[in-house]
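Text of structure33.tsv, listed as TSV, C-alpha atoms and all ligand atoms:
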```tsv
chain	number	residue	atom	x	y	z
Q	3	MET	CA	-17.27	-6.58	-63.18
Q	4	ASP	CA	-18.86	-5.51	-66.44
Q	5	VAL	CA	-15.55	-5.94	-68.25
Q	6	GLN	CA	-13.50	-9.07	-67.48
Q	7	PRO	CA	-9.69	-8.94	-66.95
Q	8	PRO	CA	-8.14	-9.28	-70.41
Q	9	GLN	CA	-6.34	-12.60	-70.95
Q	10	VAL	CA	-3.70	-10.84	-72.99
Q	11	LEU	CA	-2.41	-9.01	-69.92
Q	12	LYS	CA	-1.79	-12.35	-68.19
Q	13	THR	CA	1.02	-13.07	-70.64
Q	14	PRO	CA	4.45	-11.49	-70.10
Q	15	LEU	CA	5.45	-8.31	-71.93
Q	16	GLN	CA	7.71	-9.14	-74.85
Q	17	VAL	CA	9.79	-6.51	-76.58
Q	18	PRO	CA	12.13	-7.51	-79.42
Q	19	ARG	CA	15.57	-5.96	-79.85
Q	20	LYS	CA	15.62	-4.00	-83.08
Q	21	THR	CA	18.23	-1.78	-84.68
Q	22	LEU	CA	16.35	1.43	-85.36
Q	23	MET	CA	17.80	2.84	-88.56
Q	24	GLY	CA	14.71	4.83	-89.53
Q	25	PRO	CA	14.24	8.58	-88.99
Q	26	GLY	CA	13.77	8.11	-85.25
Q	27	PRO	CA	13.47	7.04	-82.57
Q	28	SER	CA	17.03	5.77	-82.48
Q	29	ASN	CA	18.34	3.15	-80.09
Q	30	CYS	CA	19.47	4.51	-76.74
Q	31	SER	CA	22.97	3.80	-75.40
Q	32	PRO	CA	23.32	1.42	-72.44
Q	33	ARG	CA	24.14	4.45	-70.29
Q	34	VAL	CA	20.84	6.10	-71.18
Q	35	MET	CA	18.92	2.84	-70.63
Q	36	ASN	CA	20.57	2.49	-67.24
Q	37	ALA	CA	19.66	6.07	-66.34
Q	38	ILE	CA	16.01	5.42	-67.21
Q	39	GLY	CA	15.99	2.55	-64.71
Q	40	GLN	CA	16.85	4.81	-61.74
Q	41	PRO	CA	14.24	5.26	-58.99
Q	42	ILE	CA	11.16	7.34	-59.71
Q	43	LEU	CA	11.07	10.77	-58.08
Q	44	GLY	CA	8.22	13.18	-57.59
Q	45	HIS	CA	7.84	16.11	-59.92
Q	46	MET	CA	8.33	18.67	-57.11
Q	47	HIS	CA	11.28	16.97	-55.39
Q	48	PRO	CA	14.45	19.05	-55.01
Q	49	GLU	CA	16.52	16.31	-56.75
Q	50	ILE	CA	14.24	16.56	-59.79
Q	51	PHE	CA	14.61	20.35	-59.83
Q	52	LYS	CA	18.40	19.88	-59.86
Q	53	ILE	CA	18.12	17.44	-62.77
Q	54	MET	CA	15.86	19.90	-64.61
Q	55	ASP	CA	18.45	22.65	-64.07
Q	56	ASP	CA	21.21	20.38	-65.41
Q	57	ILE	CA	19.07	19.65	-68.46
Q	58	LYS	CA	18.50	23.36	-69.09
Q	59	GLU	CA	22.28	23.85	-69.16
Q	60	GLY	CA	22.64	20.98	-71.61
Q	61	ILE	CA	19.91	22.35	-73.86
Q	62	ARG	CA	21.47	25.81	-73.90
Q	63	TYR	CA	24.69	24.12	-75.02
Q	64	VAL	CA	23.16	22.06	-77.84
Q	65	PHE	CA	21.07	25.03	-79.02
Q	66	GLN	CA	24.01	27.43	-78.47
Q	67	THR	CA	21.88	29.95	-76.63
Q	68	ALA	CA	21.79	31.91	-73.40
Q	69	ASN	CA	17.98	32.27	-73.55
Q	70	PRO	CA	16.48	32.27	-70.01
Q	71	LEU	CA	13.27	30.73	-71.42
Q	72	THR	CA	14.87	27.37	-72.22
Q	73	LEU	CA	13.10	24.26	-70.98
Q	74	VAL	CA	11.54	20.95	-71.92
Q	75	VAL	CA	7.95	20.26	-72.88
Q	76	SER	CA	6.53	16.83	-71.97
Q	77	THR	CA	5.73	15.79	-75.52
Q	78	SER	CA	7.34	14.39	-78.66
Q	79	GLY	CA	9.37	16.67	-80.92
Q	80	HIS	CA	6.22	17.32	-82.89
Q	81	GLY	CA	4.59	18.69	-79.74
Q	82	GLY	CA	7.43	21.21	-79.66
Q	83	MET	CA	6.01	22.60	-82.90
Q	84	GLU	CA	2.61	22.84	-81.27
Q	85	ALA	CA	4.06	24.64	-78.24
Q	86	VAL	CA	5.96	27.19	-80.33
Q	87	LEU	CA	3.02	28.05	-82.56
Q	88	CYS	CA	0.51	28.04	-79.70
Q	89	ASN	CA	2.60	30.56	-77.73
Q	90	LEU	CA	3.66	32.84	-80.57
Q	91	LEU	CA	0.43	33.07	-82.56
Q	92	GLU	CA	-2.95	34.58	-81.83
Q	93	PRO	CA	-5.84	35.87	-83.95
Q	94	GLY	CA	-4.70	38.83	-86.02
Q	95	ASP	CA	-1.18	37.48	-86.53
Q	96	THR	CA	0.19	36.43	-89.90
Q	97	ALA	CA	2.27	33.26	-90.00
Q	98	LEU	CA	4.50	32.65	-93.01
Q	99	ILE	CA	5.23	28.92	-93.26
Q	100	ALA	CA	7.97	27.57	-95.53
Q	101	ILE	CA	6.77	24.24	-96.92
Q	102	ASN	CA	8.98	21.64	-98.55
Q	103	GLY	CA	7.64	18.53	-96.85
Q	104	ILE	CA	5.35	17.26	-94.13
Q	105	TRP	CA	6.51	19.50	-91.28
Q	106	GLY	CA	5.65	22.73	-93.07
Q	107	GLN	CA	2.25	21.21	-93.92
Q	108	ARG	CA	1.68	20.33	-90.27
Q	109	ALA	CA	2.72	23.82	-89.17
Q	110	VAL	CA	0.08	25.28	-91.50
Q	111	SER	CA	-2.57	23.12	-89.89
Q	112	MET	CA	-1.52	24.11	-86.38
Q	113	ALA	CA	-1.11	27.83	-87.08
Q	114	THR	CA	-4.59	27.90	-88.66
Q	115	ARG	CA	-6.06	26.28	-85.55
Q	116	TYR	CA	-4.49	29.02	-83.40
Q	117	GLY	CA	-6.34	31.63	-85.43
Q	118	ALA	CA	-3.44	33.07	-87.42
Q	119	ARG	CA	-3.74	34.19	-91.03
Q	120	VAL	CA	-1.49	31.67	-92.74
Q	121	VAL	CA	0.52	32.38	-95.87
Q	122	THR	CA	3.01	29.96	-97.39
Q	123	LEU	CA	6.26	29.85	-99.26
Q	124	GLU	CA	6.51	26.57	-101.14
Q	125	THR	CA	9.06	24.64	-103.08
Q	126	GLU	CA	9.07	21.12	-104.42
Q	127	VAL	CA	9.73	18.21	-102.08
Q	128	GLY	CA	13.48	17.52	-102.13
Q	129	ASN	CA	14.42	21.18	-102.45
Q	130	ASN	CA	15.11	23.96	-99.93
Q	131	PHE	CA	14.83	27.75	-99.92
Q	132	THR	CA	17.35	30.44	-100.81
Q	133	LEU	CA	17.72	33.52	-98.63
Q	134	ALA	CA	16.44	35.61	-101.55
Q	135	GLN	CA	13.23	33.56	-101.77
Q	136	ILE	CA	12.74	33.93	-98.04
Q	137	GLU	CA	13.41	37.67	-98.08
Q	138	ASN	CA	10.93	38.18	-100.94
Q	139	ALA	CA	8.23	36.30	-99.08
Q	140	VAL	CA	8.84	38.14	-95.79
Q	141	HIS	CA	8.86	41.47	-97.65
Q	142	LYS	CA	5.61	40.58	-99.45
Q	143	HIS	CA	3.59	39.20	-96.53
Q	144	LYS	CA	5.03	41.16	-93.56
Q	145	PRO	CA	4.34	38.19	-91.23
Q	146	THR	CA	4.60	38.29	-87.46
Q	147	LEU	CA	6.24	34.84	-87.54
Q	148	LEU	CA	8.24	32.85	-90.08
Q	149	PHE	CA	8.43	29.08	-89.61
Q	150	VAL	CA	11.15	26.99	-91.28
Q	151	THR	CA	12.30	23.39	-90.87
Q	152	GLN	CA	16.06	22.92	-90.63
Q	153	GLY	CA	15.85	19.18	-91.21
Q	154	GLU	CA	12.85	18.03	-93.27
Q	155	SER	CA	12.89	14.35	-92.33
Q	156	SER	CA	10.19	13.40	-94.84
Q	157	SER	CA	12.53	14.17	-97.73
Q	158	GLY	CA	15.99	14.30	-96.13
Q	159	VAL	CA	16.45	17.99	-96.95
Q	160	TYR	CA	18.64	20.39	-95.00
Q	161	GLN	CA	17.68	24.06	-94.83
Q	162	ASN	CA	20.42	26.61	-94.16
Q	163	VAL	CA	19.13	28.87	-91.41
Q	164	GLU	CA	22.05	31.30	-91.10
Q	165	GLY	CA	20.96	34.72	-92.38
Q	166	ILE	CA	17.20	34.15	-92.03
Q	167	GLY	CA	17.04	35.72	-88.56
Q	168	ASP	CA	18.52	38.99	-89.87
Q	169	ILE	CA	15.93	39.09	-92.64
Q	170	CYS	CA	13.08	38.47	-90.20
Q	171	HIS	CA	14.22	41.08	-87.73
Q	172	ARG	CA	14.54	43.75	-90.46
Q	173	TYR	CA	10.79	43.27	-90.99
Q	174	GLY	CA	9.79	42.94	-87.32
Q	175	CYS	CA	9.08	39.22	-87.68
Q	176	LEU	CA	10.03	36.37	-85.33
Q	177	LEU	CA	11.85	33.30	-86.63
Q	178	ALA	CA	10.80	29.81	-85.48
Q	179	VAL	CA	12.92	26.80	-86.49
Q	180	ASP	CA	12.15	23.09	-86.29
Q	181	THR	CA	15.35	21.17	-85.53
Q	182	VAL	CA	13.78	17.84	-84.52
Q	183	ALA	CA	15.68	15.79	-87.11
Q	184	SER	CA	18.69	18.06	-87.59
Q	185	LEU	CA	19.98	19.06	-84.16
Q	186	GLY	CA	23.43	17.58	-83.54
Q	187	GLY	CA	23.90	16.56	-87.17
Q	188	VAL	CA	24.47	20.06	-88.55
Q	189	PRO	CA	25.56	23.31	-86.89
Q	190	LEU	CA	22.94	25.41	-85.15
Q	191	PHE	CA	23.63	28.73	-83.42
Q	192	VAL	CA	20.38	29.98	-81.97
Q	193	ASP	CA	21.69	33.29	-80.59
Q	194	ARG	CA	24.25	34.04	-83.31
Q	195	TRP	CA	21.69	33.38	-86.06
Q	196	GLY	CA	18.87	35.31	-84.39
Q	197	ILE	CA	16.46	32.40	-83.99
Q	198	ASP	CA	13.51	33.35	-81.77
Q	199	ALA	CA	11.96	29.97	-81.12
Q	200	VAL	CA	13.48	26.54	-81.57
Q	201	TYR	CA	12.63	23.00	-80.52
Q	202	THR	CA	13.87	19.48	-81.00
Q	203	GLY	CA	13.04	15.93	-79.92
Q	204	SER	CA	14.78	13.81	-77.28
Q	205	GLN	CA	14.74	10.67	-79.43
Q	206	LYS	CA	17.04	11.51	-82.32
Q	207	VAL	CA	20.64	12.74	-82.02
Q	208	LEU	CA	20.18	13.34	-78.28
Q	209	GLY	CA	19.79	9.58	-77.93
Q	210	ALA	CA	17.06	9.49	-75.29
Q	211	PRO	CA	13.56	7.98	-75.46
Q	212	ALA	CA	10.83	9.97	-77.21
Q	213	GLY	CA	8.57	12.02	-74.97
Q	214	LEU	CA	10.43	15.24	-74.24
Q	215	ALA	CA	10.85	18.27	-76.50
Q	216	PRO	CA	13.66	20.68	-75.60
Q	217	ILE	CA	12.54	24.21	-76.51
Q	218	SER	CA	13.91	27.73	-76.26
Q	219	PHE	CA	12.57	31.24	-76.86
Q	220	SER	CA	14.63	34.41	-77.38
Q	221	PRO	CA	14.02	37.41	-75.08
Q	222	ARG	CA	12.20	38.99	-78.06
Q	223	ALA	CA	9.85	35.99	-78.32
Q	224	GLN	CA	9.41	35.88	-74.55
Q	225	GLU	CA	8.35	39.52	-74.59
Q	226	ARG	CA	5.84	38.73	-77.36
Q	227	ILE	CA	4.36	35.89	-75.29
Q	228	PHE	CA	3.94	38.06	-72.21
Q	229	ALA	CA	2.42	40.88	-74.31
Q	230	ARG	CA	-0.28	38.68	-75.90
Q	231	LYS	CA	-3.75	40.20	-76.11
Q	232	THR	CA	-5.31	36.77	-75.58
Q	233	PRO	CA	-4.16	33.99	-73.24
Q	234	VAL	CA	-2.17	31.14	-74.79
Q	235	LYS	CA	-4.95	28.85	-76.02
Q	236	VAL	CA	-3.68	25.65	-74.39
Q	237	LEU	CA	-2.71	25.76	-70.71
Q	238	TYR	CA	-0.47	22.72	-71.11
Q	239	TRP	CA	1.73	24.59	-73.64
Q	240	ASP	CA	1.57	28.00	-71.97
Q	241	MET	CA	5.14	29.20	-71.43
Q	242	THR	CA	4.06	31.83	-68.91
Q	243	VAL	CA	3.14	29.02	-66.50
Q	244	LEU	CA	5.38	26.16	-67.72
Q	245	GLY	CA	8.32	28.59	-67.52
Q	246	ASP	CA	7.75	28.88	-63.78
Q	247	TYR	CA	7.81	25.12	-63.30
Q	248	TRP	CA	11.19	25.13	-65.09
Q	249	ASP	CA	12.37	28.19	-63.09
Q	250	CYS	CA	12.96	30.34	-66.17
Q	251	PHE	CA	11.78	33.65	-64.74
Q	252	GLY	CA	13.57	33.67	-61.37
Q	253	ARG	CA	10.25	33.33	-59.51
Q	254	SER	CA	9.29	30.44	-57.28
Q	255	ARG	CA	8.68	27.07	-58.91
Q	256	VAL	CA	5.00	26.38	-59.44
Q	257	TYR	CA	3.39	23.03	-60.16
Q	258	HIS	CA	2.38	22.65	-63.79
Q	259	HIS	CA	2.09	18.92	-64.54
Q	260	THR	CA	3.55	15.61	-63.38
Q	261	ILE	CA	6.70	15.25	-65.42
Q	262	ALA	CA	8.09	11.75	-66.09
Q	263	SER	CA	11.23	11.53	-63.96
Q	264	GLN	CA	12.50	8.55	-66.01
Q	265	LEU	CA	12.39	10.56	-69.22
Q	266	LEU	CA	14.32	13.37	-67.54
Q	267	TYR	CA	17.05	10.95	-66.46
Q	268	GLY	CA	17.32	9.61	-70.00
Q	269	LEU	CA	17.54	13.06	-71.53
Q	270	ARG	CA	20.08	14.23	-68.96
Q	271	GLU	CA	22.29	11.22	-69.77
Q	272	GLY	CA	21.87	11.79	-73.52
Q	273	LEU	CA	22.92	15.42	-73.09
Q	274	ALA	CA	25.82	14.34	-70.86
Q	275	LEU	CA	27.07	12.08	-73.66
Q	276	VAL	CA	26.96	15.02	-76.10
Q	277	VAL	CA	28.83	17.20	-73.61
Q	278	GLU	CA	31.51	14.52	-73.10
Q	279	GLU	CA	32.02	13.99	-76.82
Q	280	GLY	CA	31.79	17.70	-77.67
Q	281	LEU	CA	29.08	19.11	-79.93
Q	282	GLU	CA	31.50	19.75	-82.82
Q	283	ASN	CA	32.64	16.11	-82.67
Q	284	VAL	CA	29.07	14.85	-82.54
Q	285	ILE	CA	28.25	16.85	-85.68
Q	286	GLN	CA	31.39	15.61	-87.41
Q	287	ARG	CA	30.58	11.99	-86.54
Q	288	HIS	CA	27.13	12.34	-88.12
Q	289	GLN	CA	28.58	13.93	-91.23
Q	290	ASP	CA	31.28	11.25	-91.56
Q	291	CYS	CA	28.67	8.51	-91.25
Q	292	ALA	CA	26.52	10.19	-93.91
Q	293	GLN	CA	29.48	10.39	-96.31
Q	294	ARG	CA	30.30	6.71	-95.84
Q	295	PHE	CA	26.63	5.89	-96.36
Q	296	TYR	CA	26.39	7.91	-99.60
Q	297	GLN	CA	29.44	6.07	-100.98
Q	298	GLY	CA	27.93	2.70	-100.07
Q	299	LEU	CA	24.61	3.60	-101.69
Q	300	ASP	CA	26.44	4.56	-104.86
Q	301	LYS	CA	28.11	1.13	-104.90
Q	302	LEU	CA	24.66	-0.46	-104.56
Q	303	GLY	CA	23.55	1.51	-107.62
Q	304	LEU	CA	21.02	3.54	-105.62
Q	305	GLN	CA	20.14	7.19	-106.23
Q	306	LEU	CA	19.95	9.76	-103.46
Q	307	PHE	CA	16.62	11.58	-103.54
Q	308	VAL	CA	18.30	14.92	-102.78
Q	309	GLU	CA	20.76	15.45	-105.59
Q	310	ASP	CA	22.69	18.49	-104.32
Q	311	GLU	CA	24.99	17.44	-101.54
Q	312	TYR	CA	24.69	20.77	-99.70
Q	313	LYS	CA	20.90	20.29	-99.47
Q	314	ARG	CA	21.21	16.86	-97.83
Q	315	LEU	CA	20.47	16.25	-94.20
Q	316	PRO	CA	23.21	14.00	-92.77
Q	317	THR	CA	20.96	12.54	-90.08
Q	318	VAL	CA	18.17	11.27	-92.36
Q	319	THR	CA	19.02	10.08	-95.86
Q	320	SER	CA	16.29	9.63	-98.44
Q	321	ILE	CA	16.94	7.14	-101.23
Q	322	THR	CA	14.85	6.97	-104.39
Q	323	VAL	CA	12.98	3.65	-104.55
Q	324	PRO	CA	14.18	1.90	-107.73
Q	325	ASP	CA	11.35	0.99	-110.09
Q	326	TRP	CA	12.38	-2.69	-109.99
Q	327	VAL	CA	11.30	-3.25	-106.38
Q	328	ASP	CA	8.29	-2.68	-104.17
Q	329	TRP	CA	9.63	-0.67	-101.21
Q	330	ARG	CA	7.41	-2.64	-98.82
Q	331	ASP	CA	9.24	-5.88	-99.67
Q	332	VAL	CA	12.58	-4.25	-98.87
Q	333	VAL	CA	11.48	-2.79	-95.56
Q	334	ALA	CA	9.71	-5.99	-94.51
Q	335	TYR	CA	12.71	-8.19	-95.43
Q	336	ALA	CA	15.11	-6.04	-93.38
Q	337	MET	CA	12.87	-6.21	-90.35
Q	338	LYS	CA	11.94	-9.88	-90.60
Q	339	ASN	CA	15.41	-11.21	-91.25
Q	340	HIS	CA	17.66	-8.74	-89.44
Q	341	PHE	CA	15.46	-6.77	-87.05
Q	342	VAL	CA	16.77	-3.68	-88.80
Q	343	GLU	CA	14.36	-0.80	-89.32
Q	344	ILE	CA	14.56	0.93	-92.68
Q	345	SER	CA	11.67	3.34	-93.28
Q	346	GLY	CA	9.56	4.19	-96.26
Q	347	GLY	CA	8.60	7.75	-97.13
Q	348	LEU	CA	6.36	10.04	-95.11
Q	349	GLY	CA	3.65	12.42	-96.33
Q	350	PRO	CA	4.67	13.65	-99.79
Q	351	THR	CA	7.45	11.07	-100.12
Q	352	VAL	CA	5.34	7.96	-99.46
Q	353	ASN	CA	6.09	5.27	-102.09
Q	354	ARG	CA	8.94	7.40	-103.44
Q	355	VAL	CA	11.81	6.94	-100.98
Q	356	PHE	CA	13.44	4.80	-98.36
Q	357	ARG	CA	14.59	6.76	-95.35
Q	358	VAL	CA	17.58	5.76	-93.26
Q	359	GLY	CA	18.44	7.55	-90.05
Q	360	LEU	CA	21.96	7.70	-88.65
Q	361	MET	CA	21.45	9.45	-85.36
Q	362	GLY	CA	22.87	9.60	-81.87
Q	363	TYR	CA	24.09	6.25	-80.51
Q	364	ASN	CA	23.29	4.66	-83.88
Q	365	ALA	CA	25.51	7.01	-85.89
Q	366	THR	CA	28.51	4.69	-86.18
Q	367	GLN	CA	30.50	3.38	-89.12
Q	368	ASP	CA	29.54	-0.17	-88.08
Q	369	ASN	CA	25.85	0.70	-88.34
Q	370	VAL	CA	26.44	2.31	-91.74
Q	371	ASP	CA	28.00	-0.93	-92.94
Q	372	LEU	CA	25.22	-2.98	-91.35
Q	373	VAL	CA	22.42	-1.02	-92.98
Q	374	LEU	CA	24.18	-1.11	-96.36
Q	375	ARG	CA	24.59	-4.86	-96.12
Q	376	VAL	CA	20.96	-5.38	-95.11
Q	377	LEU	CA	19.69	-2.98	-97.76
Q	378	GLY	CA	21.69	-4.74	-100.48
Q	379	GLU	CA	20.35	-8.12	-99.42
Q	380	ALA	CA	16.78	-6.83	-99.10
Q	381	LEU	CA	16.88	-5.23	-102.56
Q	382	HIS	CA	18.11	-8.48	-104.06
Q	383	TYR	CA	15.24	-10.32	-102.37
Q	384	ALA	CA	12.65	-7.71	-103.41
Q	385	GLN	CA	13.86	-7.81	-107.01
Q	386	GLY	CA	13.31	-11.58	-106.97
Q	387	VAL	CA	9.77	-11.04	-105.71
Q	388	GLN	CA	9.05	-8.64	-108.57
Q	389	ARG	CA	10.50	-11.02	-111.16
Q	390	SER	CA	8.40	-13.88	-109.85
Q	391	LYS	CA	5.28	-11.78	-110.54
Q	392	LEU	CA	6.16	-11.34	-114.25
A	1	LIG	C1	9.51	11.39	-87.95
A	1	LIG	O1	10.12	12.27	-87.48
A	1	LIG	C2	9.70	10.97	-89.30
A	1	LIG	O2	10.33	11.70	-90.06
A	1	LIG	O3	9.21	9.87	-89.67
```
Take the structure I supplied and represent it as structure tokens, if you would.
Ligand code: GLV
Amino acid sequence: MDVQPPQVLKTPLQVPRKTLMGPGPSNCSPRVMNAIGQPILGHMHPEIFKIMDDIKEGIRYVFQTANPLTLVVSTSGHGGMEAVLCNLLEPGDTALIAINGIWGQRAVSMATRYGARVVTLETEVGNNFTLAQIENAVHKHKPTLLFVTQGESSSGVYQNVEGIGDICHRYGCLLAVDTVASLGGVPLFVDRWGIDAVYTGSQKVLGAPAGLAPISFSPRAQERIFARKTPVKVLYWDMTVLGDYWDCFGRSRVYHHTIASQLLYGLREGLALVVEEGLENVIQRHQDCAQRFYQGLDKLGLQLFVEDEYKRLPTVTSITVPDWVDWRDVVAYAMKNHFVEISGGLGPTVNRVFRVGLMGYNATQDNVDLVLRVLGEALHYAQGVQRSKL
């Protein structure tokens, strides 16, 4: 052998138990973990097709849609963004991207790669957009697609989406919405609100491992995909072929790729838990947890990064880093001493915020109290570190 067997792989795998209170992934419930441990099945087995059909029903429920083109892409939530933009954009199109954090920035990068002319609507990090701002931008640029993020996890900002679909459709534009961090924490009505493309991640409120991105396209968007002048640039994302694997067009199932059966079991169980609890109750639970968390943060003397309550995302809370600590000391203390994940900022919020996620199985009052206790202790420790440097 030119390369010898690595010694490191002769030692057993060791995975610590952590409480994941960052912006995702969240811990999975024991039921989901048990589901993942079920026997592996082939990607063309009839039992897998049945599980895929069950998942499609669950996704239509959580997205509140009857869209036939509703399926799962084998990718993280972020790959859902890639799949939406790859299918709906081609050279000659104009994409209007609303940017108030990292996800809008990423969408710009992707849309540019797919050959679209990209125009942006921007506001400061920590803010969202009014319908009037959106209407002005759509009127001005006449885009073929508008992209907005319902839950900007880098800043903890919630974007109201109701009303945007009507604006887009008045101007012949499609509406794409990122709900990776928001789905299940705030209401979302894909059909009622006229959303043409939507995606989320399996690893947040849905409480499954990362690796699958539920996605759905309206009949209007589906028509646009089938009427493209150029083929979808990436075969792996191409809904005209992936849609057949997921039996979205009533044709025979066709092999597309080898899907991970384990991930499907986990997502099916996560969706089953949402169905059992009821989507309205899931949303309420997330909002109740967020309220309790805000009150606790106030008692700790911490400032929420998003001042207006109606602009706050209940699933991911951003907290301004006080100038008397180094955020790294806080995050490191929580992990080292309690195995609790508290995150720093991301993209434009790096060094500015802590981010705490309360999502899915982790969205409980006990976890709110735990993270508040750990945060209080970690801040006290980090303040001591700063003082010792003076
Ligand atoms: C990922 O979704 C993040 O916000 O860190």
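For the choices Q:Val200, Q:Val358, Q:Ala118, Q:Leu133, the atom-to-atom distance to His80 (chain Q) is smallest for Q:Val200 when using only C-alpha atoms.
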Problem - Long-range neighbours of region 228-231 of chain Q as a count of residues only, 9 Å cut-off, only C-alpha atoms, 4 positions minimum in chain - result: 8
Practice task
Have a look at CA of Ala274 (chain Q) and CA of Val64 (chain Q) and let me know their distance in Å, one decimal.
Solution key: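 Spanning CA of Ala274 (chain Q) to CA of Val64 (chain Q) is a straight-line distance of 10.7 Å.
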Handout entry: Atomic distance CA of Leu123 (chain Q) - atom C1 of ligand LIG 1 (chain A), expressed in Å with one decimal
Key = 21.9 Å
Practice task
Write out as a list in words the residues lying within 12 Å of Tyr173 (chain Q), counting all atoms listed in the file and excluding same-chain residues fewer than 4 positions away.
Solution key: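 My reading of the contact set: Ile136, Glu137, Asn138, Ala139, Val140, His141, Lys142, His143, Lys144, Pro145, Thr146, Leu147, Leu148, Ile166, Gly167, Asp168, Ile169 and Leu177 of chain Q.
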Practice task
Using all atoms listed in the file, find the one residue out of Q:Asp95, Q:Glu343, Q:Asp300, Q:Glu271 that sits nearest to ligand LIG 1 (chain A).
Solution key: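 The answer is Q:Glu343, which sits nearest to ligand LIG 1 (chain A).
CA of Ile344 (chain Q) is positioned 8.1 Å from CA of Val373 (chain Q).
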Practice task
Throw together the list of residues within 6 Å of ligand LIG 1 (chain A), counting all atoms listed in the file, and drop it here as a PyMOL selection string.
Solution key: chain Q and resi 25-26+155-156
